[in-house]
$ cat upload.pdb   # PDB, C-alpha atoms and all ligand atoms
ATOM      1  CA  MET M 683      21.735-148.419  30.755  1.00  0.00           C
ATOM      2  CA  THR M 684      23.099-144.968  31.614  1.00  0.00           C
ATOM      3  CA  LYS M 685      21.099-142.239  29.928  1.00  0.00           C
ATOM      4  CA  ARG M 686      23.036-139.641  27.910  1.00  0.00           C
ATOM      5  CA  VAL M 687      22.003-136.032  28.644  1.00  0.00           C
ATOM      6  CA  ALA M 688      22.585-132.963  26.450  1.00  0.00           C
ATOM      7  CA  ILE M 689      21.943-129.573  28.038  1.00  0.00           C
ATOM      8  CA  LEU M 690      21.077-126.488  25.976  1.00  0.00           C
ATOM      9  CA  ILE M 691      21.920-123.067  27.427  1.00  0.00           C
ATOM     10  CA  SER M 692      21.989-119.423  26.365  1.00  0.00           C
ATOM     11  CA  GLY M 693      23.557-117.705  29.372  1.00  0.00           C
ATOM     12  CA  GLY M 694      25.174-118.264  32.759  1.00  0.00           C
ATOM     13  CA  GLY M 695      24.108-121.876  32.991  1.00  0.00           C
ATOM     14  CA  SER M 696      23.446-122.114  36.735  1.00  0.00           C
ATOM     15  CA  ASN M 697      20.747-124.726  36.099  1.00  0.00           C
ATOM     16  CA  MET M 698      23.108-126.605  33.767  1.00  0.00           C
ATOM     17  CA  GLU M 699      25.744-126.644  36.490  1.00  0.00           C
ATOM     18  CA  ALA M 700      23.269-128.000  39.045  1.00  0.00           C
ATOM     19  CA  LEU M 701      22.246-130.735  36.597  1.00  0.00           C
ATOM     20  CA  VAL M 702      25.846-131.683  35.733  1.00  0.00           C
ATOM     21  CA  ARG M 703      26.919-131.787  39.380  1.00  0.00           C
ATOM     22  CA  SER M 704      23.930-134.019  40.226  1.00  0.00           C
ATOM     23  CA  MET M 705      24.816-136.738  37.691  1.00  0.00           C
ATOM     24  CA  THR M 706      27.278-138.764  39.768  1.00  0.00           C
ATOM     25  CA  GLY M 707      27.434-142.085  41.578  1.00  0.00           C
ATOM     26  CA  ASP M 708      24.326-144.225  41.092  1.00  0.00           C
ATOM     27  CA  HIS M 709      22.509-141.505  39.131  1.00  0.00           C
ATOM     28  CA  PRO M 710      21.041-143.167  36.009  1.00  0.00           C
ATOM     29  CA  ALA M 711      22.316-140.404  33.674  1.00  0.00           C
ATOM     30  CA  ARG M 712      25.498-138.636  32.680  1.00  0.00           C
ATOM     31  CA  PRO M 713      26.064-135.332  30.816  1.00  0.00           C
ATOM     32  CA  VAL M 714      27.478-135.776  27.297  1.00  0.00           C
ATOM     33  CA  LEU M 715      27.156-132.251  25.856  1.00  0.00           C
ATOM     34  CA  VAL M 716      26.475-128.642  26.810  1.00  0.00           C
ATOM     35  CA  LEU M 717      25.438-126.634  23.756  1.00  0.00           C
ATOM     36  CA  SER M 718      24.731-122.908  23.520  1.00  0.00           C
ATOM     37  CA  ASN M 719      23.163-120.753  20.811  1.00  0.00           C
ATOM     38  CA  ASP M 720      25.370-117.907  22.074  1.00  0.00           C
ATOM     39  CA  PRO M 721      29.173-118.275  21.766  1.00  0.00           C
ATOM     40  CA  ALA M 722      29.566-115.785  24.645  1.00  0.00           C
ATOM     41  CA  ALA M 723      27.431-117.791  27.083  1.00  0.00           C
ATOM     42  CA  GLY M 724      29.168-117.941  30.464  1.00  0.00           C
ATOM     43  CA  GLY M 725      27.877-121.464  30.979  1.00  0.00           C
ATOM     44  CA  LEU M 726      30.219-122.816  28.283  1.00  0.00           C
ATOM     45  CA  ALA M 727      33.304-122.165  30.419  1.00  0.00           C
ATOM     46  CA  LYS M 728      31.530-123.657  33.463  1.00  0.00           C
ATOM     47  CA  ALA M 729      30.733-126.815  31.486  1.00  0.00           C
ATOM     48  CA  ALA M 730      34.310-127.116  30.218  1.00  0.00           C
ATOM     49  CA  GLY M 731      35.555-126.676  33.786  1.00  0.00           C
ATOM     50  CA  LEU M 732      33.305-129.559  34.807  1.00  0.00           C
ATOM     51  CA  GLY M 733      34.764-131.725  32.025  1.00  0.00           C
ATOM     52  CA  VAL M 734      31.655-131.762  29.830  1.00  0.00           C
ATOM     53  CA  PRO M 735      32.118-131.441  26.037  1.00  0.00           C
ATOM     54  CA  THR M 736      30.685-128.181  24.686  1.00  0.00           C
ATOM     55  CA  ALA M 737      29.413-126.927  21.347  1.00  0.00           C
ATOM     56  CA  VAL M 738      28.011-123.711  19.911  1.00  0.00           C
ATOM     57  CA  VAL M 739      25.383-123.304  17.221  1.00  0.00           C
ATOM     58  CA  ASP M 740      25.226-119.528  16.899  1.00  0.00           C
ATOM     59  CA  HIS M 741      21.684-118.561  15.951  1.00  0.00           C
ATOM     60  CA  LYS M 742      22.988-115.207  14.640  1.00  0.00           C
ATOM     61  CA  ALA M 743      24.856-117.121  11.917  1.00  0.00           C
ATOM     62  CA  TYR M 744      21.484-118.173  10.484  1.00  0.00           C
ATOM     63  CA  SER M 745      19.942-114.659  10.550  1.00  0.00           C
ATOM     64  CA  LYS M 746      16.182-115.238  10.189  1.00  0.00           C
ATOM     65  CA  ASP M 747      16.386-118.811   8.866  1.00  0.00           C
ATOM     66  CA  ARG M 748      15.075-120.703  11.888  1.00  0.00           C
ATOM     67  CA  ALA M 749      14.822-123.982   9.974  1.00  0.00           C
ATOM     68  CA  ALA M 750      18.545-123.816   9.109  1.00  0.00           C
ATOM     69  CA  PHE M 751      19.436-123.036  12.719  1.00  0.00           C
ATOM     70  CA  GLU M 752      17.376-125.957  13.987  1.00  0.00           C
ATOM     71  CA  ALA M 753      18.870-128.283  11.354  1.00  0.00           C
ATOM     72  CA  ALA M 754      22.362-127.325  12.581  1.00  0.00           C
ATOM     73  CA  LEU M 755      21.237-127.793  16.179  1.00  0.00           C
ATOM     74  CA  HIS M 756      19.805-131.207  15.313  1.00  0.00           C
ATOM     75  CA  ALA M 757      23.047-132.267  13.597  1.00  0.00           C
ATOM     76  CA  ALA M 758      25.142-131.205  16.599  1.00  0.00           C
ATOM     77  CA  LEU M 759      22.864-133.203  18.889  1.00  0.00           C
ATOM     78  CA  LEU M 760      22.977-136.286  16.646  1.00  0.00           C
ATOM     79  CA  ASP M 761      26.756-136.331  17.154  1.00  0.00           C
ATOM     80  CA  ALA M 762      26.258-136.550  20.920  1.00  0.00           C
ATOM     81  CA  GLN M 763      23.443-139.094  20.671  1.00  0.00           C
ATOM     82  CA  PRO M 764      21.519-137.894  23.770  1.00  0.00           C
ATOM     83  CA  ASP M 765      18.664-139.869  25.280  1.00  0.00           C
ATOM     84  CA  ILE M 766      17.440-136.724  27.049  1.00  0.00           C
ATOM     85  CA  ILE M 767      17.765-133.028  26.182  1.00  0.00           C
ATOM     86  CA  CYS M 768      17.466-130.498  29.029  1.00  0.00           C
ATOM     87  CA  LEU M 769      16.737-126.872  28.132  1.00  0.00           C
ATOM     88  CA  ALA M 770      18.278-124.790  30.927  1.00  0.00           C
ATOM     89  CA  GLY M 771      18.031-121.052  30.408  1.00  0.00           C
ATOM     90  CA  PHE M 772      17.803-121.725  26.671  1.00  0.00           C
ATOM     91  CA  MET M 773      16.197-118.648  25.138  1.00  0.00           C
ATOM     92  CA  ARG M 774      15.291-119.819  21.621  1.00  0.00           C
ATOM     93  CA  ILE M 775      11.821-121.104  20.823  1.00  0.00           C
ATOM     94  CA  LEU M 776      12.083-124.503  19.135  1.00  0.00           C
ATOM     95  CA  GLY M 777       9.818-125.301  16.212  1.00  0.00           C
ATOM     96  CA  ALA M 778       7.423-128.216  15.929  1.00  0.00           C
ATOM     97  CA  GLU M 779       9.630-130.113  13.444  1.00  0.00           C
ATOM     98  CA  PHE M 780      12.665-130.035  15.750  1.00  0.00           C
ATOM     99  CA  ILE M 781      10.568-131.075  18.743  1.00  0.00           C
ATOM    100  CA  ARG M 782       8.969-133.913  16.753  1.00  0.00           C
ATOM    101  CA  GLN M 783      12.440-135.335  16.022  1.00  0.00           C
ATOM    102  CA  TRP M 784      13.185-135.465  19.800  1.00  0.00           C
ATOM    103  CA  ASP M 785       9.614-135.964  20.947  1.00  0.00           C
ATOM    104  CA  GLY M 786       9.197-137.086  24.540  1.00  0.00           C
ATOM    105  CA  ARG M 787      12.890-136.537  25.315  1.00  0.00           C
ATOM    106  CA  ILE M 788      13.091-132.743  25.872  1.00  0.00           C
ATOM    107  CA  LEU M 789      12.670-131.134  29.308  1.00  0.00           C
ATOM    108  CA  ASN M 790      12.568-127.444  30.190  1.00  0.00           C
ATOM    109  CA  ILE M 791      12.561-125.381  33.362  1.00  0.00           C
ATOM    110  CA  HIS M 792      10.276-122.369  33.386  1.00  0.00           C
ATOM    111  CA  PRO M 793      10.298-119.755  36.174  1.00  0.00           C
ATOM    112  CA  SER M 794       6.596-119.806  37.032  1.00  0.00           C
ATOM    113  CA  LEU M 795       3.962-122.161  38.424  1.00  0.00           C
ATOM    114  CA  LEU M 796       2.611-123.273  35.034  1.00  0.00           C
ATOM    115  CA  PRO M 797       0.046-122.993  33.616  1.00  0.00           C
ATOM    116  CA  LYS M 798       0.422-119.494  35.065  1.00  0.00           C
ATOM    117  CA  TYR M 799       2.604-117.060  33.132  1.00  0.00           C
ATOM    118  CA  ARG M 800       3.794-118.845  30.031  1.00  0.00           C
ATOM    119  CA  GLY M 801       6.384-116.790  28.161  1.00  0.00           C
ATOM    120  CA  LEU M 802       8.557-114.016  29.562  1.00  0.00           C
ATOM    121  CA  HIS M 803       8.648-111.623  32.552  1.00  0.00           C
ATOM    122  CA  THR M 804       7.108-114.215  34.865  1.00  0.00           C
ATOM    123  CA  HIS M 805       8.291-112.653  38.139  1.00  0.00           C
ATOM    124  CA  ALA M 806       6.899-109.216  37.324  1.00  0.00           C
ATOM    125  CA  ARG M 807       3.604-110.778  36.222  1.00  0.00           C
ATOM    126  CA  ALA M 808       3.263-112.751  39.468  1.00  0.00           C
ATOM    127  CA  LEU M 809       3.895-109.581  41.491  1.00  0.00           C
ATOM    128  CA  GLU M 810       1.473-107.531  39.382  1.00  0.00           C
ATOM    129  CA  ALA M 811      -1.173-110.212  39.984  1.00  0.00           C
ATOM    130  CA  GLY M 812      -0.556-110.075  43.733  1.00  0.00           C
ATOM    131  CA  ASP M 813       0.129-113.815  43.891  1.00  0.00           C
ATOM    132  CA  THR M 814       0.782-115.293  47.338  1.00  0.00           C
ATOM    133  CA  TYR M 815       2.970-118.012  45.866  1.00  0.00           C
ATOM    134  CA  HIS M 816       5.454-118.137  42.999  1.00  0.00           C
ATOM    135  CA  GLY M 817       7.750-120.877  41.793  1.00  0.00           C
ATOM    136  CA  CYS M 818       9.185-122.868  38.912  1.00  0.00           C
ATOM    137  CA  THR M 819       8.092-125.771  36.760  1.00  0.00           C
ATOM    138  CA  VAL M 820       9.937-128.504  34.913  1.00  0.00           C
ATOM    139  CA  HIS M 821       7.882-129.781  32.018  1.00  0.00           C
ATOM    140  CA  GLU M 822       8.165-131.910  28.913  1.00  0.00           C
ATOM    141  CA  VAL M 823       8.620-129.725  25.852  1.00  0.00           C
ATOM    142  CA  THR M 824       5.892-129.882  23.214  1.00  0.00           C
ATOM    143  CA  ALA M 825       5.202-127.683  20.192  1.00  0.00           C
ATOM    144  CA  ALA M 826       3.026-125.372  22.320  1.00  0.00           C
ATOM    145  CA  LEU M 827       5.164-122.861  24.256  1.00  0.00           C
ATOM    146  CA  ASP M 828       5.664-123.705  27.967  1.00  0.00           C
ATOM    147  CA  ASP M 829       2.733-126.102  27.775  1.00  0.00           C
ATOM    148  CA  GLY M 830       3.920-129.708  28.014  1.00  0.00           C
ATOM    149  CA  PRO M 831       3.123-132.248  30.778  1.00  0.00           C
ATOM    150  CA  VAL M 832       4.372-131.034  34.179  1.00  0.00           C
ATOM    151  CA  LEU M 833       7.160-133.193  35.627  1.00  0.00           C
ATOM    152  CA  GLY M 834       7.802-131.108  38.732  1.00  0.00           C
ATOM    153  CA  GLN M 835       7.148-127.855  40.558  1.00  0.00           C
ATOM    154  CA  ALA M 836       8.814-125.963  43.401  1.00  0.00           C
ATOM    155  CA  ARG M 837       6.801-123.313  45.248  1.00  0.00           C
ATOM    156  CA  MET M 838       7.711-120.444  47.524  1.00  0.00           C
ATOM    157  CA  ARG M 839       5.832-117.591  49.195  1.00  0.00           C
ATOM    158  CA  VAL M 840       5.969-114.103  47.741  1.00  0.00           C
ATOM    159  CA  LEU M 841       7.216-111.748  50.470  1.00  0.00           C
ATOM    160  CA  PRO M 842       6.540-108.057  51.155  1.00  0.00           C
ATOM    161  CA  GLY M 843       9.165-105.999  49.369  1.00  0.00           C
ATOM    162  CA  ASP M 844       9.789-108.621  46.715  1.00  0.00           C
ATOM    163  CA  THR M 845      10.791-107.159  43.361  1.00  0.00           C
ATOM    164  CA  PRO M 846      11.139-109.144  40.103  1.00  0.00           C
ATOM    165  CA  ASP M 847      14.905-109.325  40.645  1.00  0.00           C
ATOM    166  CA  ILE M 848      14.563-110.437  44.280  1.00  0.00           C
ATOM    167  CA  LEU M 849      11.991-113.085  43.277  1.00  0.00           C
ATOM    168  CA  ALA M 850      14.276-114.367  40.519  1.00  0.00           C
ATOM    169  CA  ALA M 851      17.197-114.589  42.938  1.00  0.00           C
ATOM    170  CA  ARG M 852      15.123-116.342  45.625  1.00  0.00           C
ATOM    171  CA  LEU M 853      13.701-118.745  43.042  1.00  0.00           C
ATOM    172  CA  LEU M 854      17.007-119.835  41.518  1.00  0.00           C
ATOM    173  CA  PRO M 855      18.040-122.160  44.403  1.00  0.00           C
ATOM    174  CA  LEU M 856      14.651-123.882  44.125  1.00  0.00           C
ATOM    175  CA  GLU M 857      15.280-124.370  40.401  1.00  0.00           C
ATOM    176  CA  HIS M 858      18.652-125.900  41.236  1.00  0.00           C
ATOM    177  CA  ALA M 859      16.937-128.352  43.580  1.00  0.00           C
ATOM    178  CA  LEU M 860      13.962-129.154  41.363  1.00  0.00           C
ATOM    179  CA  TYR M 861      15.557-129.734  37.968  1.00  0.00           C
ATOM    180  CA  PRO M 862      18.101-132.361  39.177  1.00  0.00           C
ATOM    181  CA  ALA M 863      15.369-134.144  41.152  1.00  0.00           C
ATOM    182  CA  VAL M 864      13.132-134.294  38.088  1.00  0.00           C
ATOM    183  CA  LEU M 865      15.966-135.393  35.791  1.00  0.00           C
ATOM    184  CA  ARG M 866      16.949-138.237  38.118  1.00  0.00           C
ATOM    185  CA  ARG M 867      13.366-139.506  38.241  1.00  0.00           C
ATOM    186  CA  PHE M 868      12.796-139.000  34.497  1.00  0.00           C
ATOM    187  CA  ALA M 869      16.058-140.777  33.596  1.00  0.00           C
ATOM    188  CA  ALA M 870      14.889-143.750  35.682  1.00  0.00           C
ATOM    189  CA  GLY M 871      11.697-143.875  33.613  1.00  0.00           C
ATOM    190  CA  ASP M 872       9.513-142.478  36.398  1.00  0.00           C
ATOM    191  CA  ARG M 873       7.239-139.653  35.269  1.00  0.00           C
ATOM    192  CA  ARG M 874       5.506-138.999  38.606  1.00  0.00           C
ATOM    193  CA  PRO M 875       5.734-135.227  39.273  1.00  0.00           C
ATOM    194  CA  VAL M 876       8.275-133.976  41.848  1.00  0.00           C
ATOM    195  CA  MET M 877       6.620-131.403  44.122  1.00  0.00           C
ATOM    196  CA  LEU M 878       8.851-129.250  46.372  1.00  0.00           C
ATOM    197  CA  GLY M 879       8.428-126.236  48.611  1.00  0.00           C
ATOM    198  CA  GLY M 880       6.019-124.518  50.974  1.00  0.00           C
TER     199      GLY M 880
HETATM  200  C1  LIG R   1      16.391-119.076  35.146  1.00  0.00           C
HETATM  201  O1  LIG R   1      15.502-118.198  35.807  1.00  0.00           O
HETATM  202  C2  LIG R   1      15.571-120.157  34.458  1.00  0.00           C
HETATM  203  O2  LIG R   1      14.347-120.399  35.120  1.00  0.00           O
HETATM  204  C3  LIG R   1      15.312-119.581  33.124  1.00  0.00           C
HETATM  205  O3  LIG R   1      16.528-118.912  32.775  1.00  0.00           O
HETATM  206  C4  LIG R   1      17.068-118.324  33.988  1.00  0.00           C
HETATM  207  C5  LIG R   1      18.582-118.388  33.992  1.00  0.00           C
HETATM  208  O4  LIG R   1      18.944-119.724  34.060  1.00  0.00           O
HETATM  209  N1  LIG R   1      14.938-120.610  32.185  1.00  0.00           N
HETATM  210  P1  LIG R   1      20.506-120.209  34.121  1.00  0.00           P
HETATM  211  O5  LIG R   1      21.164-119.521  35.296  1.00  0.00           O
HETATM  212  O6  LIG R   1      21.161-119.778  32.813  1.00  0.00           O
HETATM  213  O7  LIG R   1      20.406-121.677  34.299  1.00  0.00           O
END

$ encode --input "upload.pdb" --output "structure tokens"
Amino acid sequence: MTKRVAILISGGGSNMEALVRSMTGDHPARPVLVLSNDPAAGGLAKAAGLGVPTAVVDHKAYSKDRAAFEAALHAALLDAQPDIICLAGFMRILGAEFIRQWDGRILNIHPSLLPKYRGLHTHARALEAGDTYHGCTVHEVTAALDDGPVLGQARMRVLPGDTPDILAARLLPLEHALYPAVLRRFAAGDRRPVMLGG
């Protein structure tokens, strides 16, 4: 049975685009919705151009009422009936109640080699630590931030002269390779981690 995938974004959506473009042919999943918390997210136009239905649940419309935002998000997702939800550059932290309602079905990509550098500014933190390697992780989303079971990692060497922006730019293509590989395996019911890179 083809798995239905909803993708949540907040910005440009390059990871979303890689995921959507990967779901063709004998891939066990298809995209059914791209949803953003930001109506100005560039990824919404990309998704529409790829023929994927889009939706917006603007978090600013709920001011500080996170529960109301997440209830609206949940309702929008129920309409699409996804089997899997992929967070792809989605910059809102989801509460335990929302995650419980989709437990075991939410994936996220995080730009570090977890468990290193949960949270923000991961590239700068890896450089400050003098790490030899950096990378990205796809993990199952649980109530603890950036802490769920690892489903895949891609690794690359840190080079002399790397800055946070250069690291982010060099890492993005690895993200675009890793996330689709993990989604394909996860959608087929295989939870063995995908390990890529040097
Ligand atoms: C990427 O670095 C990703 O790791 C992080 O958000 C950044 C932008 O992603 N989660 P995208 O281009 O919007 O997919």

$ residues_near_ligand --input "upload.pdb" --ligand "ligand LIG 1 (chain R)" --cutoff "9 Å" --atoms "all atoms listed in the file" --output "ChimeraX atom specification"
/M:691-700,723-725,769-773,790-794,818-819,850-851,853-854,857-858

$ resolve_selection --input "upload.pdb" --expression "the PyMOL selection byres (((chain M and resi 878) around 10) and not hetatm)" --output "JSON, numbers by chain"
{"M": [817, 818, 834, 835, 836, 837, 838, 856, 859, 860, 863, 875, 876, 877, 879, 880]}

$ atom_distance --input "upload.pdb" --atom1 "atom CA of Gly786 of chain M" --atom2 "atom CA of Leu759 of chain M"
15.3 Å

$ closest_residue --input "upload.pdb" --among "M:Gly871, M:Arg712, M:Glu779, M:Ala737" --to "Ala750 of chain M" --atoms "only C-alpha atoms"
M:Glu779

$ residues_around --input "upload.pdb" --residues "Ala762 of chain M" --least-positions-apart "4" --cutoff "8 Å" --atoms "only C-alpha atoms" --output "PyMOL selection string"
chain M and resi 688+714-715+758

$ resolve_selection --input "upload.pdb" --expression "the PyMOL selection byres (((chain M and resi 751) around 12) and not hetatm)" --output "list of chain:residue names"
M:Asn719, M:Val738, M:Val739, M:Asp740, M:His741, M:Lys742, M:Ala743, M:Tyr744, M:Ser745, M:Lys746, M:Asp747, M:Arg748, M:Ala749, M:Ala750, M:Glu752, M:Ala753, M:Ala754, M:Leu755, M:His756, M:Ala757, M:Ala758, M:Arg774, M:Ile775, M:Leu776, M:Gly777, M:Phe780

$ write_last_selection --input "upload.pdb" --atoms "C-alpha atoms" --output "CSV table (one decimal), in the coordinates of the input"
chain,number,residue,atom,x,y,z
M,719,ASN,CA,23.2,-120.8,20.8
M,738,VAL,CA,28.0,-123.7,19.9
M,739,VAL,CA,25.4,-123.3,17.2
M,740,ASP,CA,25.2,-119.5,16.9
M,741,HIS,CA,21.7,-118.6,16.0
M,742,LYS,CA,23.0,-115.2,14.6
M,743,ALA,CA,24.9,-117.1,11.9
M,744,TYR,CA,21.5,-118.2,10.5
M,745,SER,CA,19.9,-114.7,10.6
M,746,LYS,CA,16.2,-115.2,10.2
M,747,ASP,CA,16.4,-118.8,8.9
M,748,ARG,CA,15.1,-120.7,11.9
M,749,ALA,CA,14.8,-124.0,10.0
M,750,ALA,CA,18.5,-123.8,9.1
M,752,GLU,CA,17.4,-126.0,14.0
M,753,ALA,CA,18.9,-128.3,11.4
M,754,ALA,CA,22.4,-127.3,12.6
M,755,LEU,CA,21.2,-127.8,16.2
M,756,HIS,CA,19.8,-131.2,15.3
M,757,ALA,CA,23.0,-132.3,13.6
M,758,ALA,CA,25.1,-131.2,16.6
M,774,ARG,CA,15.3,-119.8,21.6
M,775,ILE,CA,11.8,-121.1,20.8
M,776,LEU,CA,12.1,-124.5,19.1
M,777,GLY,CA,9.8,-125.3,16.2
M,780,PHE,CA,12.7,-130.0,15.8

$ axis_aligned_box --input "upload.pdb" --around "segment 739-750 of chain M" --padding-each-side "6 Å" --output "AutoDock Vina command-line options"
--center_x 20.1 --center_y -119.3 --center_z 13.0 --size_x 22.6 --size_y 21.3 --size_z 20.4

$ residues_near_point --input "upload.pdb" --point "(28.5, -135.6, 35.2)" --cutoff "9 Å" --atoms "only C-alpha atoms" --output "PDB file with C-alpha atoms, in the frame of the given file"
ATOM      1  CA  LEU M 701      22.246-130.735  36.597  1.00  0.00           C
ATOM      2  CA  VAL M 702      25.846-131.683  35.733  1.00  0.00           C
ATOM      3  CA  ARG M 703      26.919-131.787  39.380  1.00  0.00           C
ATOM      4  CA  SER M 704      23.930-134.019  40.226  1.00  0.00           C
ATOM      5  CA  MET M 705      24.816-136.738  37.691  1.00  0.00           C
ATOM      6  CA  THR M 706      27.278-138.764  39.768  1.00  0.00           C
ATOM      7  CA  ALA M 711      22.316-140.404  33.674  1.00  0.00           C
ATOM      8  CA  ARG M 712      25.498-138.636  32.680  1.00  0.00           C
ATOM      9  CA  PRO M 713      26.064-135.332  30.816  1.00  0.00           C
ATOM     10  CA  VAL M 714      27.478-135.776  27.297  1.00  0.00           C
ATOM     11  CA  LEU M 732      33.305-129.559  34.807  1.00  0.00           C
ATOM     12  CA  GLY M 733      34.764-131.725  32.025  1.00  0.00           C
ATOM     13  CA  VAL M 734      31.655-131.762  29.830  1.00  0.00           C
TER      14      VAL M 734
END

$ resolve_selection --input "upload.pdb" --expression "the PyMOL selection byres (((chain M and resi 827) around 10) and not hetatm)" --output "PyMOL selection string"
chain M and resi 775-777+800-801+823-826+828-830

$ atom_distance --input "upload.pdb" --atom1 "atom CA of Thr814 of chain M" --atom2 "atom CA of Val840 of chain M"
5.3 Å

$ closest_residue --input "upload.pdb" --among "M:Ile788, M:Leu796, M:Ala808, M:Leu726" --to "Leu841 of chain M" --atoms "only C-alpha atoms"
M:Ala808

$ atom_distance --input "upload.pdb" --atom1 "atom CA of Val864 of chain M" --atom2 "atom CA of Thr804 of chain M"
21.2 Å

$ closest_residue --input "upload.pdb" --among "M:Trp784, M:Ala730, M:Lys685, M:Arg873" --to "Pro710 of chain M" --atoms "all atoms listed in the file"
M:Lys685

$ closest_residue --input "upload.pdb" --among "M:Thr684, M:Thr845, M:Thr736, M:Gln783" --to "Asp720 of chain M" --atoms "all atoms listed in the file"
M:Thr736

$ closest_residue --input "upload.pdb" --among "M:Leu865, M:Leu802, M:Val687, M:Leu809" --to "Ile766 of chain M" --atoms "only C-alpha atoms"
M:Val687

$ closest_residue --input "upload.pdb" --among "M:Ala722, M:Ala727, M:Val820, M:Ile848" --to "Arg867 of chain M" --atoms "only C-alpha atoms"
M:Val820

$ decode --input "upload.pdb" --residues "segment 863-880 of chain M" --atoms "N, CA and C atoms" --output "JSON list (two decimals), in the first residue's frame"
[["chain", "number", "residue", "atom", "x", "y", "z"],
["M", 863, "ALA", "N", 16.83, 8.76, 1.08],
["M", 863, "ALA", "CA", 17.22, 7.36, 1.30],
["M", 863, "ALA", "C", 16.57, 6.80, 2.56],
["M", 864, "VAL", "N", 16.52, 7.63, 3.60],
["M", 864, "VAL", "CA", 15.88, 7.19, 4.84],
["M", 864, "VAL", "C", 14.37, 7.03, 4.64],
["M", 865, "LEU", "N", 13.75, 7.99, 3.96],
["M", 865, "LEU", "CA", 12.30, 7.92, 3.77],
["M", 865, "LEU", "C", 11.91, 6.67, 3.00],
["M", 866, "ARG", "N", 12.69, 6.35, 1.96],
["M", 866, "ARG", "CA", 12.36, 5.17, 1.15],
["M", 866, "ARG", "C", 12.41, 3.91, 2.01],
["M", 867, "ARG", "N", 13.44, 3.83, 2.84],
["M", 867, "ARG", "CA", 13.60, 2.63, 3.70],
["M", 867, "ARG", "C", 12.50, 2.62, 4.76],
["M", 868, "PHE", "N", 12.24, 3.77, 5.36],
["M", 868, "PHE", "CA", 11.24, 3.86, 6.44],
["M", 868, "PHE", "C", 9.84, 3.53, 5.90],
["M", 869, "ALA", "N", 9.54, 4.03, 4.70],
["M", 869, "ALA", "CA", 8.22, 3.80, 4.09],
["M", 869, "ALA", "C", 8.03, 2.32, 3.76],
["M", 870, "ALA", "N", 9.14, 1.60, 3.58],
["M", 870, "ALA", "CA", 9.06, 0.16, 3.29],
["M", 870, "ALA", "C", 9.03, -0.66, 4.58],
["M", 871, "GLY", "N", 9.02, 0.06, 5.72],
["M", 871, "GLY", "CA", 8.94, -0.63, 7.02],
["M", 871, "GLY", "C", 10.28, -1.08, 7.55],
["M", 872, "ASP", "N", 11.36, -0.58, 6.95],
["M", 872, "ASP", "CA", 12.72, -0.98, 7.34],
["M", 872, "ASP", "C", 13.33, 0.16, 8.15],
["M", 873, "ARG", "N", 13.68, -0.14, 9.40],
["M", 873, "ARG", "CA", 14.18, 0.94, 10.27],
["M", 873, "ARG", "C", 15.69, 0.85, 10.50],
["M", 874, "ARG", "N", 16.37, -0.01, 9.65],
["M", 874, "ARG", "CA", 17.83, -0.05, 9.79],
["M", 874, "ARG", "C", 18.40, 1.31, 9.39],
["M", 875, "PRO", "N", 19.34, 1.87, 10.17],
["M", 875, "PRO", "CA", 19.89, 3.19, 9.84],
["M", 875, "PRO", "C", 20.62, 3.20, 8.51],
["M", 876, "VAL", "N", 20.47, 4.33, 7.78],
["M", 876, "VAL", "CA", 21.19, 4.59, 6.53],
["M", 876, "VAL", "C", 22.43, 5.40, 6.90],
["M", 877, "MET", "N", 23.62, 4.88, 6.58],
["M", 877, "MET", "CA", 24.84, 5.61, 6.93],
["M", 877, "MET", "C", 25.57, 5.99, 5.65],
["M", 878, "LEU", "N", 25.79, 7.27, 5.42],
["M", 878, "LEU", "CA", 26.45, 7.77, 4.20],
["M", 878, "LEU", "C", 27.68, 8.59, 4.55],
["M", 879, "GLY", "N", 28.60, 8.68, 3.59],
["M", 879, "GLY", "CA", 29.68, 9.66, 3.71],
["M", 879, "GLY", "C", 30.96, 9.11, 4.27],
["M", 880, "GLY", "N", 32.00, 10.01, 4.24],
["M", 880, "GLY", "CA", 33.38, 9.62, 4.52],
["M", 880, "GLY", "C", 33.67, 9.38, 5.98]]
